[in-house]
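J.: The structure follows.
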Amino acid sequence: MATPDSTSNTPGTNAPQNGSGTAALVLGILQFFCLGIIGSILAIIFGRKGMRLAAEGKATNGGAAKAGYVLGWIGVVLFVIGIIITVIVLIAGGKSSSSTPAVSSAPSAAASAVASAPASAAASAAASPMASASN
């Protein structure tokens with residue numbers, strides 16, 4: 001009786017467990033578009049699992065698992081850089097905004113003059129019908 005070979009596709013043998021490597025690659029790509037840091041962390045977890053399965057010979061897509069793992073770490077690094085830049089901007093923005101004079105919420109004299117100009121022109125036209133008829 002022959003023992004089943006791990007590379008043959010005869011019934012009864014174990015199929016390669018490529019799900020983790022594929023998931024790592026997909027999550028590693030999607031993290032840049034919609035998943036963010038959650039996708040990065042999941043890509044690292046699934047990538048590590050997929051690389052382990054490939055090293056044990058249970059999976060055949062070790063390259064996809066490694067690519068997802070690396071993309072996951074790239075996403076984490078970019079996330080940390082983004083947080084650092086955000087904190088720096090918020091700290092620098094807080095210092096510069098205190099030296100800026102406060103803007104008054106009361107309307108200025110020029111704004112009220114502009115707002116009343118159309119009303120006064122309409123009132124004068126209604127007061128003198130002869131002036132508008134001669135035009």
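By order of appearance in the structure tokens: chains A, B, ..., then residues from 1 within every chain, and ligands from 1 in the order shown.
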Identify, on the basis of only C-alpha atoms, every residue whose closest approach to Ala55 (chain A) does not exceed 12 Å; exclude the query and any residue fewer than 5 positions from it along the same chain; express the result as a PyMOL selection string.

T.: chain A and resi 17+21+48-50+60-63+65-66

J.: For the residues in that selection, give me N, CA and C atoms as a PDB file, in the first residue's frame.

T.:
```pdb
ATOM      1  N   GLN A  17      -3.420  24.842   2.330  1.00  0.00           N
ATOM      2  CA  GLN A  17      -4.171  25.800   3.129  1.00  0.00           C
ATOM      3  C   GLN A  17      -3.696  27.209   2.775  1.00  0.00           C
ATOM      4  N   GLY A  21      -2.565  33.184   3.494  1.00  0.00           N
ATOM      5  CA  GLY A  21      -1.698  33.990   2.639  1.00  0.00           C
ATOM      6  C   GLY A  21      -2.486  34.898   1.721  1.00  0.00           C
ATOM      7  N   ARG A  48       1.739  36.332   8.852  1.00  0.00           N
ATOM      8  CA  ARG A  48       2.616  35.507   9.687  1.00  0.00           C
ATOM      9  C   ARG A  48       2.129  34.059   9.708  1.00  0.00           C
ATOM     10  N   LYS A  49       0.808  33.880   9.842  1.00  0.00           N
ATOM     11  CA  LYS A  49       0.241  32.532   9.840  1.00  0.00           C
ATOM     12  C   LYS A  49       0.468  31.848   8.487  1.00  0.00           C
ATOM     13  N   GLY A  50       0.267  32.601   7.391  1.00  0.00           N
ATOM     14  CA  GLY A  50       0.475  32.025   6.064  1.00  0.00           C
ATOM     15  C   GLY A  50       1.928  31.652   5.798  1.00  0.00           C
ATOM     16  N   THR A  60       0.949  26.686  -0.273  1.00  0.00           N
ATOM     17  CA  THR A  60       1.823  26.849  -1.439  1.00  0.00           C
ATOM     18  C   THR A  60       2.000  28.307  -1.834  1.00  0.00           C
ATOM     19  N   ASN A  61       1.455  29.230  -1.076  1.00  0.00           N
ATOM     20  CA  ASN A  61       1.548  30.635  -1.457  1.00  0.00           C
ATOM     21  C   ASN A  61       2.287  31.461  -0.398  1.00  0.00           C
ATOM     22  N   GLY A  62       3.471  31.026  -0.079  1.00  0.00           N
ATOM     23  CA  GLY A  62       4.286  31.745   0.894  1.00  0.00           C
ATOM     24  C   GLY A  62       4.641  33.149   0.441  1.00  0.00           C
ATOM     25  N   GLY A  63       4.776  33.359  -0.853  1.00  0.00           N
ATOM     26  CA  GLY A  63       5.099  34.680  -1.381  1.00  0.00           C
ATOM     27  C   GLY A  63       3.968  35.675  -1.160  1.00  0.00           C
ATOM     28  N   ALA A  65       1.739  35.447   1.197  1.00  0.00           N
ATOM     29  CA  ALA A  65       1.673  35.673   2.644  1.00  0.00           C
ATOM     30  C   ALA A  65       2.733  36.674   3.074  1.00  0.00           C
ATOM     31  N   LYS A  66       3.937  36.547   2.526  1.00  0.00           N
ATOM     32  CA  LYS A  66       5.009  37.473   2.889  1.00  0.00           C
ATOM     33  C   LYS A  66       4.715  38.883   2.377  1.00  0.00           C
TER      34      LYS A  66
END
```

J.: For Ala64 (chain A), list every protein, DNA or RNA residue within 9 Å, evaluated using only C-alpha atoms, and leave out those in the same chain fewer than 6 positions away; present the list as a list of chain:residue names.

T.: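 That gives A:Gly21, A:Thr22, A:Ala23, A:Ala24, A:Leu25, A:Gly47, A:Gly50, A:Met51.
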
J.: Take the residues that were just selected and, keeping C-alpha atoms, output them as a PDB file, in the first residue's frame.

T.:
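Final output, saved to again.pdb:
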```pdb
ATOM      1  CA  GLY A  21      -1.698  33.990   2.639  1.00  0.00           C
ATOM      2  CA  THR A  22      -4.418  35.180   0.301  1.00  0.00           C
ATOM      3  CA  ALA A  23      -6.207  36.995   3.125  1.00  0.00           C
ATOM      4  CA  ALA A  24      -2.951  38.684   4.137  1.00  0.00           C
ATOM      5  CA  LEU A  25      -2.335  39.949   0.617  1.00  0.00           C
ATOM      6  CA  GLY A  47       0.698  36.979   6.785  1.00  0.00           C
ATOM      7  CA  GLY A  50       0.475  32.025   6.064  1.00  0.00           C
ATOM      8  CA  MET A  51       4.280  32.145   6.115  1.00  0.00           C
TER       9      MET A  51
END
```

J.: Within 10 Å of Val76 (chain A), counting only C-alpha atoms, which residues show up once you throw out same-chain ones fewer than 2 positions away? Write them as JSON, numbers by chain, please.

T.: {"A": [31, 36, 37, 38, 39, 40, 41, 44, 70, 71, 72, 73, 74, 78, 79, 80, 81, 82]}

J.: Dump C-alpha atoms for the selected residues as a JSON list (two decimals), in the first residue's frame?

T.:
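File written: selection_32.json
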```json
[["chain", "number", "residue", "atom", "x", "y", "z"],
["A", 31, "GLN", "CA", -5.64, 48.81, 4.09],
["A", 36, "GLY", "CA", -6.71, 51.55, 7.66],
["A", 37, "ILE", "CA", -4.87, 50.32, 10.73],
["A", 38, "ILE", "CA", -7.31, 47.42, 11.25],
["A", 39, "GLY", "CA", -6.36, 46.04, 7.83],
["A", 40, "SER", "CA", -2.68, 46.48, 8.66],
["A", 41, "ILE", "CA", -2.93, 44.49, 11.86],
["A", 44, "ILE", "CA", 0.35, 41.08, 9.72],
["A", 70, "VAL", "CA", 5.24, 43.38, 4.56],
["A", 71, "LEU", "CA", 2.31, 45.54, 3.36],
["A", 72, "GLY", "CA", 0.82, 45.28, 6.84],
["A", 73, "TRP", "CA", 4.00, 46.63, 8.44],
["A", 74, "ILE", "CA", 4.21, 49.41, 5.86],
["A", 78, "LEU", "CA", 2.58, 55.08, 7.74],
["A", 79, "PHE", "CA", -0.13, 55.21, 10.40],
["A", 80, "VAL", "CA", 2.40, 56.04, 13.13],
["A", 81, "ILE", "CA", 3.99, 58.73, 10.93],
["A", 82, "GLY", "CA", 0.53, 60.21, 10.30]]
```

J.: Please measure the separation of CA of Arg52 (chain A) and CA of Phe32 (chain A), giving the value in Å to one decimal.

T.: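 Between these atoms lies a distance of 24.8 Å.
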
J.: Mind giving me the straight-line distance from CA of Ala43 (chain A) to CA of Leu27 (chain A) in Å, one decimal?

T.: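 That distance, rounded to one decimal, is 5.2 Å.
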
J.: CA of Phe33 (chain A) and CA of Gly19 (chain A) are how many Å apart?

T.: 21.4 Å

J.: Using only C-alpha atoms, which residue out of A:Ala59, A:Ala67, A:Ala54, A:Ile91 lies closest to Gly28 (chain A)?

T.: A:Ala67

J.: Which one of A:Leu35, A:Gly94, A:Ile29, A:Asn18 sits closest to Leu53 (chain A) if you count only C-alpha atoms?

T.: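 Of A:Leu35, A:Gly94, A:Ile29, A:Asn18, the one nearest Leu53 (chain A), counting only C-alpha atoms, is A:Asn18.
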